[in-house]
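Undergrad: Just so it is clear, I am handing over model.csv, which has CSV, C-alpha atoms.
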```csv
chain,number,residue,atom,x,y,z
A,1,MET,CA,65.4,223.5,195.2
A,2,SER,CA,61.9,221.8,195.2
A,3,ALA,CA,60.3,225.3,195.2
A,4,HIS,CA,61.5,225.7,191.6
A,5,SER,CA,60.3,222.3,190.3
A,6,LYS,CA,57.0,222.4,188.4
A,7,SER,CA,55.4,219.2,189.7
A,8,SER,CA,54.5,218.6,193.3
A,9,PRO,CA,57.1,216.7,195.3
A,10,LEU,CA,54.4,215.1,197.6
A,11,PRO,CA,54.2,211.7,195.8
A,12,MET,CA,58.0,211.4,196.0
A,13,TYR,CA,57.9,212.3,199.7
A,14,PHE,CA,55.3,209.7,200.5
A,15,ALA,CA,57.1,207.0,198.4
A,16,VAL,CA,60.3,207.7,200.4
A,17,PHE,CA,58.4,207.6,203.6
A,18,PHE,CA,56.9,204.2,202.9
A,19,ALA,CA,60.3,202.9,201.7
A,20,LEU,CA,61.8,204.0,205.0
A,21,LEU,CA,59.1,202.2,207.0
A,22,VAL,CA,59.5,199.0,204.8
A,23,GLY,CA,63.2,199.3,205.4
A,24,THR,CA,62.7,199.4,209.2
A,25,GLY,CA,60.5,196.3,209.1
A,26,LEU,CA,63.0,194.5,206.9
A,27,THR,CA,65.9,195.3,209.3
A,28,VAL,CA,63.9,193.9,212.3
A,29,PHE,CA,62.9,190.8,210.2
A,30,ALA,CA,66.5,190.2,209.0
A,31,ALA,CA,67.8,190.5,212.6
A,32,THR,CA,65.6,187.4,213.5
A,33,LEU,CA,67.2,185.3,210.8
A,34,ASP,CA,70.5,183.5,211.4
A,35,LEU,CA,72.7,184.8,208.6
A,36,GLY,CA,76.0,184.2,210.5
A,37,ARG,CA,78.5,186.9,209.6
A,38,PHE,CA,76.1,188.5,207.2
A,39,ASN,CA,73.7,189.8,209.8
A,40,ALA,CA,75.7,192.9,210.4
A,41,ALA,CA,76.3,193.4,206.6
A,42,VAL,CA,72.6,193.2,205.9
A,43,ALA,CA,71.6,195.5,208.8
A,44,LEU,CA,74.2,198.1,207.8
A,45,SER,CA,73.3,197.9,204.1
A,46,ILE,CA,69.6,198.5,204.9
A,47,ALA,CA,70.6,201.4,207.2
A,48,THR,CA,72.7,202.9,204.5
A,49,VAL,CA,70.0,202.7,201.9
A,50,LYS,CA,67.6,204.4,204.3
A,51,ALA,CA,70.1,207.1,205.2
A,52,THR,CA,70.8,207.7,201.5
A,53,LEU,CA,67.0,208.1,200.8
A,54,VAL,CA,66.7,210.6,203.6
A,55,ALA,CA,69.7,212.6,202.4
A,56,LEU,CA,68.9,212.6,198.7
A,57,PHE,CA,65.1,213.3,198.8
A,58,PHE,CA,64.2,214.7,202.3
A,59,MET,CA,67.4,216.8,202.6
A,60,HIS,CA,67.2,217.7,198.9
A,61,VAL,CA,70.8,216.7,198.0
A,62,TRP,CA,69.4,215.2,194.8
A,63,HIS,CA,68.0,218.6,193.8
A,64,ALA,CA,70.6,220.8,195.5
A,65,SER,CA,71.3,223.8,193.3
A,66,GLU,CA,74.6,224.3,195.0
A,67,LYS,CA,77.4,222.0,193.9
A,68,LEU,CA,79.3,223.1,197.0
A,69,THR,CA,76.7,221.4,199.1
A,70,ARG,CA,77.5,218.1,197.4
A,71,LEU,CA,81.2,218.7,197.9
A,72,VAL,CA,80.6,219.1,201.6
A,73,VAL,CA,78.5,215.9,201.8
A,74,ILE,CA,81.0,213.9,199.9
A,75,SER,CA,84.0,215.2,201.9
A,76,ALA,CA,82.2,214.5,205.2
A,77,LEU,CA,81.6,210.9,204.0
A,78,PHE,CA,85.2,210.6,202.7
A,79,PHE,CA,86.7,211.6,206.1
A,80,LEU,CA,84.2,209.3,207.9
A,81,LEU,CA,85.3,206.4,205.8
A,82,LEU,CA,88.9,207.4,206.3
A,83,LEU,CA,88.4,207.3,210.1
A,84,LEU,CA,86.5,204.0,210.2
A,85,GLY,CA,88.5,202.3,207.4
A,86,LEU,CA,92.0,203.1,208.6
A,87,THR,CA,91.1,202.3,212.3
A,88,MET,CA,89.5,199.0,211.4
A,89,THR,CA,92.3,197.9,209.1
A,90,ASP,CA,94.5,198.2,212.2
A,91,TYR,CA,92.2,196.6,214.8
A,92,ALA,CA,90.8,193.9,212.5
A,93,THR,CA,94.2,192.7,211.4
A,94,ARG,CA,96.1,192.7,214.8
A,95,LEU,CA,95.7,188.9,215.2
A,96,TRP,CA,97.0,188.0,211.8
A,97,SER,CA,100.7,187.7,212.6
B,1,MET,CA,74.3,258.4,195.5
B,2,PRO,CA,71.3,257.0,193.6
B,3,ASP,CA,72.5,253.4,193.8
B,4,SER,CA,72.7,253.2,197.6
B,5,THR,CA,69.3,254.7,198.0
B,6,ALA,CA,68.0,252.0,195.6
B,7,VAL,CA,69.6,249.3,197.8
B,8,LEU,CA,68.1,250.8,200.9
B,9,HIS,CA,64.6,250.8,199.4
B,10,GLN,CA,65.1,247.2,198.4
B,11,GLU,CA,66.1,246.4,202.0
B,12,GLU,CA,62.9,248.1,203.3
B,13,ASP,CA,60.9,246.0,201.0
B,14,ARG,CA,62.6,242.7,201.9
B,15,PRO,CA,63.6,243.0,205.6
B,16,GLU,CA,64.7,239.3,205.6
B,17,LEU,CA,67.3,239.9,202.9
B,18,LEU,CA,70.5,240.9,204.7
B,19,HIS,CA,72.5,243.6,203.1
B,20,HIS,CA,75.6,241.6,202.4
B,21,PHE,CA,73.8,239.2,200.1
B,22,ALA,CA,73.1,240.1,196.4
B,23,ASP,CA,69.7,238.4,196.3
B,24,ALA,CA,67.5,236.0,198.3
B,25,GLU,CA,68.7,232.9,196.4
B,26,GLN,CA,72.4,233.6,197.3
B,27,GLN,CA,71.3,234.2,200.9
B,28,ARG,CA,69.5,230.9,201.0
B,29,ASP,CA,72.3,228.9,199.4
B,30,ALA,CA,74.8,230.4,201.9
B,31,SER,CA,72.6,229.4,204.9
B,32,SER,CA,72.1,225.9,203.5
B,33,LEU,CA,75.8,225.5,202.8
B,34,GLY,CA,76.6,226.7,206.4
B,35,MET,CA,74.2,224.1,207.8
B,36,TRP,CA,75.8,221.3,205.7
B,37,VAL,CA,79.3,222.3,207.0
B,38,PHE,CA,77.9,222.1,210.5
B,39,LEU,CA,76.4,218.7,209.7
B,40,ALA,CA,79.8,217.6,208.4
B,41,THR,CA,81.3,218.4,211.8
B,42,GLU,CA,78.5,216.4,213.4
B,43,VAL,CA,79.3,213.4,211.1
B,44,MET,CA,82.9,213.5,212.5
B,45,PHE,CA,81.6,214.0,216.1
B,46,PHE,CA,79.3,210.9,215.9
B,47,GLY,CA,81.8,209.1,213.7
B,48,GLY,CA,84.3,208.9,216.6
B,49,LEU,CA,81.7,207.2,218.7
B,50,PHE,CA,80.7,204.8,215.9
B,51,CYS,CA,84.4,204.0,215.5
B,52,ALA,CA,84.8,203.2,219.2
B,53,TYR,CA,81.7,201.1,219.0
B,54,LEU,CA,83.0,199.1,216.0
B,55,VAL,CA,86.4,198.4,217.7
B,56,TYR,CA,84.8,197.1,220.9
B,57,ARG,CA,82.1,195.2,219.1
B,58,ARG,CA,84.8,193.3,217.2
B,59,TRP,CA,86.8,192.5,220.3
B,60,TYR,CA,83.8,191.5,222.6
B,61,PHE,CA,81.2,190.4,220.1
B,62,GLY,CA,79.5,187.8,222.3
B,63,ASP,CA,79.3,190.1,225.3
B,64,PHE,CA,78.0,192.9,223.1
B,65,ALA,CA,75.4,190.5,221.6
B,66,ALA,CA,74.2,189.5,225.1
B,67,ALA,CA,74.0,193.1,226.3
B,68,SER,CA,72.2,194.1,223.1
B,69,LYS,CA,69.6,191.4,223.6
B,70,SER,CA,68.6,192.9,226.9
B,71,ILE,CA,67.4,196.1,225.3
B,72,ASN,CA,63.7,196.3,224.3
B,73,MET,CA,63.7,195.9,220.5
B,74,ALA,CA,60.0,196.7,220.1
B,75,LEU,CA,60.6,200.2,221.7
B,76,GLY,CA,63.6,200.8,219.5
B,77,ALA,CA,61.7,199.8,216.4
B,78,THR,CA,58.7,202.0,217.4
B,79,ASN,CA,61.1,204.9,217.9
B,80,THR,CA,62.5,204.4,214.5
B,81,ALA,CA,59.0,204.6,213.0
B,82,VAL,CA,58.2,207.7,215.1
B,83,LEU,CA,61.3,209.4,213.7
B,84,ILE,CA,60.6,208.5,210.1
B,85,CYS,CA,57.0,209.9,210.5
B,86,SER,CA,58.5,213.1,212.0
B,87,SER,CA,60.9,213.4,209.0
B,88,LEU,CA,57.8,213.2,206.7
B,89,THR,CA,56.1,216.0,208.6
B,90,VAL,CA,59.2,218.1,208.3
B,91,VAL,CA,59.3,217.8,204.5
B,92,LEU,CA,55.6,218.6,204.5
B,93,ALA,CA,56.3,221.7,206.6
B,94,VAL,CA,59.0,222.8,204.2
B,95,TRP,CA,56.6,222.2,201.3
B,96,ALA,CA,53.8,224.0,203.1
B,97,ALA,CA,56.0,227.1,203.6
B,98,GLN,CA,57.1,227.1,200.0
B,99,THR,CA,53.5,226.9,198.8
B,100,ALA,CA,52.0,229.3,201.4
B,101,ARG,CA,49.8,226.8,203.1
B,102,ARG,CA,49.7,228.3,206.6
B,103,THR,CA,47.5,225.6,208.3
B,104,LEU,CA,49.5,222.7,206.9
B,105,LEU,CA,52.7,224.5,208.0
B,106,LEU,CA,51.6,225.0,211.6
B,107,VAL,CA,50.1,221.5,211.9
B,108,SER,CA,53.2,219.8,210.4
B,109,LEU,CA,55.5,221.7,212.8
B,110,ALA,CA,53.3,220.8,215.7
B,111,ILE,CA,53.1,217.1,214.8
B,112,THR,CA,56.9,217.1,214.3
B,113,MET,CA,57.3,218.3,217.9
B,114,LEU,CA,54.7,215.9,219.2
B,115,LEU,CA,56.6,213.0,217.5
B,116,GLY,CA,59.9,214.3,218.9
B,117,VAL,CA,58.4,214.3,222.4
B,118,THR,CA,57.0,210.8,221.8
B,119,PHE,CA,60.4,209.6,220.9
B,120,LEU,CA,62.0,211.1,224.1
B,121,GLY,CA,59.2,209.6,226.2
B,122,ILE,CA,59.8,206.1,224.7
B,123,LYS,CA,63.5,206.6,225.2
B,124,GLY,CA,62.7,207.5,228.9
B,125,ILE,CA,60.8,204.2,229.4
B,126,GLU,CA,63.8,202.4,227.9
B,127,TYR,CA,66.3,204.2,230.2
B,128,ARG,CA,64.0,203.5,233.2
B,129,ASP,CA,64.1,199.7,232.4
B,130,LYS,CA,67.9,199.8,232.3
B,131,PHE,CA,68.0,201.5,235.7
B,132,VAL,CA,65.7,198.9,237.1
B,133,GLU,CA,67.8,196.1,235.7
B,134,HIS,CA,71.0,197.7,237.0
B,135,HIS,CA,72.4,197.9,233.5
B,136,VAL,CA,73.6,201.5,233.9
B,137,PRO,CA,77.4,201.6,234.0
B,138,GLY,CA,78.7,202.5,237.5
B,139,ALA,CA,78.9,201.2,241.0
B,140,SER,CA,75.6,199.3,240.9
B,141,PHE,CA,76.1,197.8,237.5
B,142,SER,CA,75.2,194.1,237.3
B,143,PHE,CA,75.2,191.8,234.3
B,144,GLU,CA,75.7,188.3,235.9
B,145,HIS,CA,74.8,185.0,234.3
B,146,GLU,CA,73.6,186.5,231.0
B,147,SER,CA,74.2,183.8,228.4
B,148,ILE,CA,75.9,184.7,225.1
B,149,PRO,CA,73.5,184.2,222.1
B,150,GLY,CA,74.4,181.1,220.1
B,151,HIS,CA,76.7,179.8,222.8
B,152,PRO,CA,74.7,177.9,225.4
B,153,GLY,CA,76.4,177.6,228.8
B,154,GLN,CA,78.7,180.6,228.1
B,155,TYR,CA,78.1,183.8,230.1
B,156,ALA,CA,78.9,187.3,229.1
B,157,ASN,CA,81.7,189.1,230.8
B,158,PRO,CA,80.0,191.9,232.9
B,159,ARG,CA,83.0,194.2,232.4
B,160,HIS,CA,82.7,193.9,228.6
B,161,ALA,CA,78.9,194.3,228.8
B,162,GLN,CA,79.5,197.5,230.7
B,163,ILE,CA,81.5,198.9,227.8
B,164,PHE,CA,78.5,198.2,225.6
B,165,PHE,CA,76.1,199.9,228.0
B,166,SER,CA,78.5,202.9,228.3
B,167,LEU,CA,78.5,203.3,224.5
B,168,TYR,CA,74.7,202.7,224.5
B,169,PHE,CA,74.0,205.5,227.0
B,170,VAL,CA,76.5,208.0,225.4
B,171,MET,CA,75.4,207.4,221.9
B,172,THR,CA,71.6,207.4,222.6
B,173,GLY,CA,72.1,210.1,225.2
B,174,LEU,CA,73.9,212.4,222.7
B,175,HIS,CA,71.2,211.6,220.1
B,176,ALA,CA,68.5,212.5,222.7
B,177,LEU,CA,70.3,215.7,223.4
B,178,HIS,CA,70.2,216.5,219.7
B,179,MET,CA,66.4,215.7,219.7
B,180,ILE,CA,65.9,218.2,222.7
B,181,ILE,CA,67.8,220.9,220.8
B,182,GLY,CA,65.8,220.1,217.7
B,183,LEU,CA,62.6,220.5,219.7
B,184,GLY,CA,63.8,224.0,220.8
B,185,ILE,CA,64.5,224.9,217.1
B,186,PHE,CA,61.1,223.6,216.0
B,187,LEU,CA,59.3,225.5,218.9
B,188,TRP,CA,61.0,228.7,217.5
B,189,LEU,CA,60.0,227.8,214.0
B,190,LEU,CA,56.4,227.2,215.2
B,191,ILE,CA,56.3,230.6,216.8
B,192,MET,CA,57.8,232.3,213.8
B,193,ALA,CA,55.3,230.5,211.5
B,194,TRP,CA,52.4,231.5,213.8
B,195,LYS,CA,53.5,235.2,213.4
B,196,GLY,CA,53.5,234.7,209.7
B,197,ARG,CA,57.2,235.2,209.1
B,198,PHE,CA,57.6,232.5,206.4
B,199,THR,CA,56.5,233.1,202.8
B,200,PRO,CA,57.2,231.2,199.6
B,201,GLU,CA,60.1,233.7,199.0
B,202,TYR,CA,61.5,233.3,202.5
B,203,ASN,CA,61.4,230.0,204.3
B,204,THR,CA,65.1,229.3,204.8
B,205,PRO,CA,64.9,228.7,208.6
B,206,ILE,CA,62.4,225.9,208.1
B,207,GLU,CA,64.6,224.3,205.4
B,208,ILE,CA,67.7,224.6,207.6
B,209,GLY,CA,65.9,223.3,210.8
B,210,GLY,CA,64.6,220.5,208.6
B,211,LEU,CA,68.1,219.6,207.5
B,212,TYR,CA,69.1,219.3,211.2
B,213,TRP,CA,66.1,217.2,212.0
B,214,HIS,CA,66.7,214.8,209.1
B,215,PHE,CA,70.3,214.5,210.1
B,216,VAL,CA,69.3,213.4,213.7
B,217,ASP,CA,67.0,210.9,212.0
B,218,ILE,CA,69.9,209.5,210.0
B,219,ILE,CA,72.0,209.0,213.1
B,220,TRP,CA,69.1,207.0,214.6
B,221,ILE,CA,68.8,205.0,211.5
B,222,TYR,CA,72.3,203.7,212.2
B,223,LEU,CA,72.0,203.5,216.0
B,224,PHE,CA,68.9,201.3,215.9
B,225,PRO,CA,70.5,198.2,214.1
B,226,LEU,CA,73.9,198.7,215.7
B,227,LEU,CA,72.7,198.9,219.3
B,228,TYR,CA,69.4,196.9,219.3
B,229,LEU,CA,69.9,194.2,216.6
B,230,ILE,CA,73.4,192.8,217.1
B,231,ASP,CA,72.3,189.1,217.4
B,232,ARG,CA,68.6,188.7,217.8
B,233,HIS,CA,67.9,185.4,216.1
B,234,PRO,CA,66.7,182.6,218.4
```
Could you render the structure from this file as C-alpha cells?
TA:
Amino acid sequence: MSAHSKSSPLPMYFAVFFALLVGTGLTVFAATLDLGRFNAAVALSIATVKATLVALFFMHVWHASEKLTRLVVISALFFLLLLLGLTMTDYATRLWS
Amino acid sequence: MPDSTAVLHQEEDRPELLHHFADAEQQRDASSLGMWVFLATEVMFFGGLFCAYLVYRRWYFGDFAAASKSINMALGATNTAVLICSSLTVVLAVWAAQTARRTLLLVSLAITMLLGVTFLGIKGIEYRDKFVEHHVPGASFSFEHESIPGHPGQYANPRHAQIFFSLYFVMTGLHALHMIIGLGIFLWLLIMAWKGRFTPEYNTPIEIGGLYWHFVDIIWIYLFPLLYLIDRHP
C-alpha cells in the first residue's frame, strides 16, 4: 500500500480533500437551482464522485495490493445495485399498465 | 526441531505477528480483507434503508420535499465538511504511523475524535430542533399546513411526512451510532499509539480503523443530499 510507494502521498490526500469540499459546495449550490427532474441525478452523481474519491484514495482501493479486496468492493456494489435496481424496476413501473 | 525454535524466536522478535501468518504482509492483507468483507455487509445493511427511502420518495415526492425542507441545511452541510476534514486527519494518521511520526499520529487521532464529537454535537442540535417542532414520529407528531415546494396552496400529507422523518431518524441515528462506535475505536487507537504500539512495520489497526471511519463518511456523503436537499430551490 502507500507505505511501499516512493513518493509522499500527502499532495494527493490534500487534493482529494479539497475536491471533496468543492463537491460539497457544488451539491448545496446545485440544490438551490431548479433543474426539474435532474436535481436528484445531479446530487447523486456528485455524491457518487465524492464516495469514489474516498474509496479509491483514502481507503487505498486504487493502490490495494490485494486483488481480493477489489473483488469484495465490486461484489458489494454489484449486490447493492441488484437490490436497488430490481426493486425500483418494480415500484417505478407499477403505474405503466 | 530446529525449525520450530527458529519460528519461536521470530515470534519473540515480532510479538504482533500471529503464529498462523507467514509474514507481516500476509497478516495485514488478511486483516484488511476481513474489514472489507465487514464493510460489504454494512453496504447491504444501509442499502436496505436506502432502498426503502427510494421507494417512498418516489411515491410521496411532494411530501418528502416539504419534510426535507424543514431540516436545517446549513447544519447538514457543516457536518459534511466536518466529516471530510476528519477523513483527512485519518489518512494523515495512517501516513504518520507508516512514517514513524509520533506527534503527528497522536494529534491526527485526537483531531479525528474531536471532529467526530463535533459532528455528533451538531447532530444533537438538529435532533433538538426536530423535537421542538414536533417532527419526531410518534404520538405528538405534527406536520400541518406545510406547503409542498413548487405547488403553492398544496399541503403535505402529515402521514407521508411522518414516513420521511422515520427514515430520517433511523438512517441518521444508525449513522450516528456508527460514529459513536468509531469514536470508541479511535480512543483505543489513541491509547495504543500513546503507548507506542504502532511502528512503520505494524500499523494495521490504524489502517483498519481508518477504513471503518471512511466508510461511515461515505454513508454520510449519500445521506446529506438524499435527506437534506430533496427540493431546495426557491
Undergrad: At what distance in Å, to one decimal, does atom CA of B:Met192 lie from atom CA of B:Trp220?
TA: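 Distance between the two atoms: 27.7 Å.
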Undergrad: Sorted by chain and rising residue number, list the residues of chain B at most 6 Å from chain A (counting only C-alpha atoms), each with its closest atom pair and distance in Å to one decimal, as a Markdown table.
TA:
```
| residue | atom | partner | partner_atom | distance |
| --- | --- | --- | --- | --- |
| B:Leu33 | CA | A:Thr69 | CA | 5.6 |
| B:Ala40 | CA | A:Ala76 | CA | 5.1 |
| B:Cys51 | CA | A:Leu84 | CA | 5.7 |
| B:Leu211 | CA | A:Met59 | CA | 5.7 |
| B:Ile218 | CA | A:Ala51 | CA | 5.4 |
| B:Ile221 | CA | A:Ala47 | CA | 5.9 |
| B:Tyr222 | CA | A:Ala47 | CA | 5.8 |
| B:Leu229 | CA | A:Ala31 | CA | 5.8 |
| B:Arg232 | CA | A:Thr32 | CA | 5.4 |
| B:His233 | CA | A:Thr32 | CA | 4.0 |
```
Undergrad: Please identify all polymer residues lying at most 12 Å from the point (70.0, 221.3, 218.3) (file coordinates), using only C-alpha atoms, and present the result as a ChimeraX atom specification.
TA: /B:35,38-39,42,174-188,208-216
Undergrad: What would the file look like if the residues just selected were written as an mmCIF file, in the coordinates of the input with C-alpha atoms?
TA:
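The resulting out05.cif:
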```cif
data_model
loop_
_atom_site.group_PDB
_atom_site.id
_atom_site.type_symbol
_atom_site.label_atom_id
_atom_site.label_comp_id
_atom_site.auth_asym_id
_atom_site.auth_seq_id
_atom_site.Cartn_x
_atom_site.Cartn_y
_atom_site.Cartn_z
ATOM 1 C CA MET B 35 74.200 224.100 207.800
ATOM 2 C CA PHE B 38 77.900 222.100 210.500
ATOM 3 C CA LEU B 39 76.400 218.700 209.700
ATOM 4 C CA GLU B 42 78.500 216.400 213.400
ATOM 5 C CA LEU B 174 73.900 212.400 222.700
ATOM 6 C CA HIS B 175 71.200 211.600 220.100
ATOM 7 C CA ALA B 176 68.500 212.500 222.700
ATOM 8 C CA LEU B 177 70.300 215.700 223.400
ATOM 9 C CA HIS B 178 70.200 216.500 219.700
ATOM 10 C CA MET B 179 66.400 215.700 219.700
ATOM 11 C CA ILE B 180 65.900 218.200 222.700
ATOM 12 C CA ILE B 181 67.800 220.900 220.800
ATOM 13 C CA GLY B 182 65.800 220.100 217.700
ATOM 14 C CA LEU B 183 62.600 220.500 219.700
ATOM 15 C CA GLY B 184 63.800 224.000 220.800
ATOM 16 C CA ILE B 185 64.500 224.900 217.100
ATOM 17 C CA PHE B 186 61.100 223.600 216.000
ATOM 18 C CA LEU B 187 59.300 225.500 218.900
ATOM 19 C CA TRP B 188 61.000 228.700 217.500
ATOM 20 C CA ILE B 208 67.700 224.600 207.600
ATOM 21 C CA GLY B 209 65.900 223.300 210.800
ATOM 22 C CA GLY B 210 64.600 220.500 208.600
ATOM 23 C CA LEU B 211 68.100 219.600 207.500
ATOM 24 C CA TYR B 212 69.100 219.300 211.200
ATOM 25 C CA TRP B 213 66.100 217.200 212.000
ATOM 26 C CA HIS B 214 66.700 214.800 209.100
ATOM 27 C CA PHE B 215 70.300 214.500 210.100
ATOM 28 C CA VAL B 216 69.300 213.400 213.700
#
```
Undergrad: Record the distance separating atom CA of B:Ser87 and atom CA of B:Leu114, expressed in Å with one decimal.
TA: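 If I compute the distance from atom CA of B:Ser87 to atom CA of B:Leu114, I get 12.2 Å.
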Undergrad: I want to know what sits within 7 Å of stretch 146-160 of chain B, based on all atoms listed in the file, with residues of the same chain fewer than 6 positions away left out; could you give that as a list in words?
TA: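 Non-adjacent residues within range: Tyr60, Gly62, Asp63, Ala65, Ala66 and Asp231 of chain B.
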Undergrad: Check the smallest atom-to-atom distance from each of B:Ile206, B:Ala93, B:Leu75, B:Leu227 to B:Thr112 using all atoms listed in the file, then report the winner.
TA: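 Of all the options, B:Ala93 lies closest to B:Thr112.
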Undergrad: Atom CA of B:Leu17 to atom CA of B:Phe198: how many Å, to one decimal?
TA: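 Atom-to-atom, atom CA of B:Leu17 and atom CA of B:Phe198 are spaced 12.7 Å apart.
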Undergrad: Of the residues A:Val61, A:Gly23, A:Met12, A:Phe78, which is the one nearest to B:Ile84, using all atoms listed in the file?
TA: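 Closest to B:Ile84, using all atoms listed in the file: A:Gly23.
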Undergrad: Compute the distance from (76.2, 203.9, 217.3) to each atom, counting only C-alpha atoms, keep the residues with any atom at most 9 Å away, and return them as a VMD selection string; use the coordinates of the file.
TA: chain B and resid 46 to 47 49 to 54 167 to 168 171 to 172 219 to 220 222 to 227
Undergrad: Atoms are missing here; could stretch 24-40 of chain A be completed with N, CA and C atoms and written as an mmCIF file, in the coordinates of the input?
TA:
```cif
data_model
loop_
_atom_site.group_PDB
_atom_site.id
_atom_site.type_symbol
_atom_site.label_atom_id
_atom_site.label_comp_id
_atom_site.auth_asym_id
_atom_site.auth_seq_id
_atom_site.Cartn_x
_atom_site.Cartn_y
_atom_site.Cartn_z
ATOM 1 N N THR A 24 62.662 199.688 207.732
ATOM 2 C CA THR A 24 62.700 199.400 209.200
ATOM 3 C C THR A 24 62.179 198.021 209.478
ATOM 4 N N GLY A 25 61.031 197.681 208.853
ATOM 5 C CA GLY A 25 60.500 196.300 209.100
ATOM 6 C C GLY A 25 61.437 195.270 208.585
ATOM 7 N N LEU A 26 62.071 195.509 207.424
ATOM 8 C CA LEU A 26 63.000 194.500 206.900
ATOM 9 C C LEU A 26 64.204 194.316 207.827
ATOM 10 N N THR A 27 64.725 195.434 208.405
ATOM 11 C CA THR A 27 65.900 195.300 209.300
ATOM 12 C C THR A 27 65.494 194.436 210.509
ATOM 13 N N VAL A 28 64.303 194.700 211.099
ATOM 14 C CA VAL A 28 63.900 193.900 212.300
ATOM 15 C C VAL A 28 63.721 192.459 211.874
ATOM 16 N N PHE A 29 63.107 192.213 210.685
ATOM 17 C CA PHE A 29 62.900 190.800 210.200
ATOM 18 C C PHE A 29 64.247 190.151 210.001
ATOM 19 N N ALA A 30 65.179 190.843 209.311
ATOM 20 C CA ALA A 30 66.500 190.200 209.000
ATOM 21 C C ALA A 30 67.257 189.901 210.256
ATOM 22 N N ALA A 31 67.033 190.703 211.322
ATOM 23 C CA ALA A 31 67.800 190.500 212.600
ATOM 24 C C ALA A 31 67.343 189.149 213.220
ATOM 25 N N THR A 32 66.108 188.677 212.920
ATOM 26 C CA THR A 32 65.600 187.400 213.500
ATOM 27 C C THR A 32 66.100 186.205 212.766
ATOM 28 N N LEU A 33 66.707 186.404 211.586
ATOM 29 C CA LEU A 33 67.200 185.300 210.800
ATOM 30 C C LEU A 33 68.690 185.051 211.183
ATOM 31 N N ASP A 34 69.104 183.777 211.147
ATOM 32 C CA ASP A 34 70.500 183.500 211.400
ATOM 33 C C ASP A 34 71.279 183.510 210.126
ATOM 34 N N LEU A 35 71.927 184.624 209.844
ATOM 35 C CA LEU A 35 72.700 184.800 208.600
ATOM 36 C C LEU A 35 74.188 184.671 208.883
ATOM 37 N N GLY A 36 74.543 184.277 210.113
ATOM 38 C CA GLY A 36 76.000 184.200 210.500
ATOM 39 C C GLY A 36 76.620 185.548 210.406
ATOM 40 N N ARG A 37 77.756 185.611 209.681
ATOM 41 C CA ARG A 37 78.500 186.900 209.600
ATOM 42 C C ARG A 37 77.765 187.937 208.841
ATOM 43 N N PHE A 38 76.754 187.540 208.052
ATOM 44 C CA PHE A 38 76.100 188.500 207.200
ATOM 45 C C PHE A 38 75.029 189.336 207.841
ATOM 46 N N ASN A 39 74.672 188.979 209.105
ATOM 47 C CA ASN A 39 73.700 189.800 209.800
ATOM 48 C C ASN A 39 74.030 191.242 209.861
ATOM 49 N N ALA A 40 75.284 191.506 210.246
ATOM 50 C CA ALA A 40 75.700 192.900 210.400
ATOM 51 C C ALA A 40 75.739 193.577 209.010
#
```
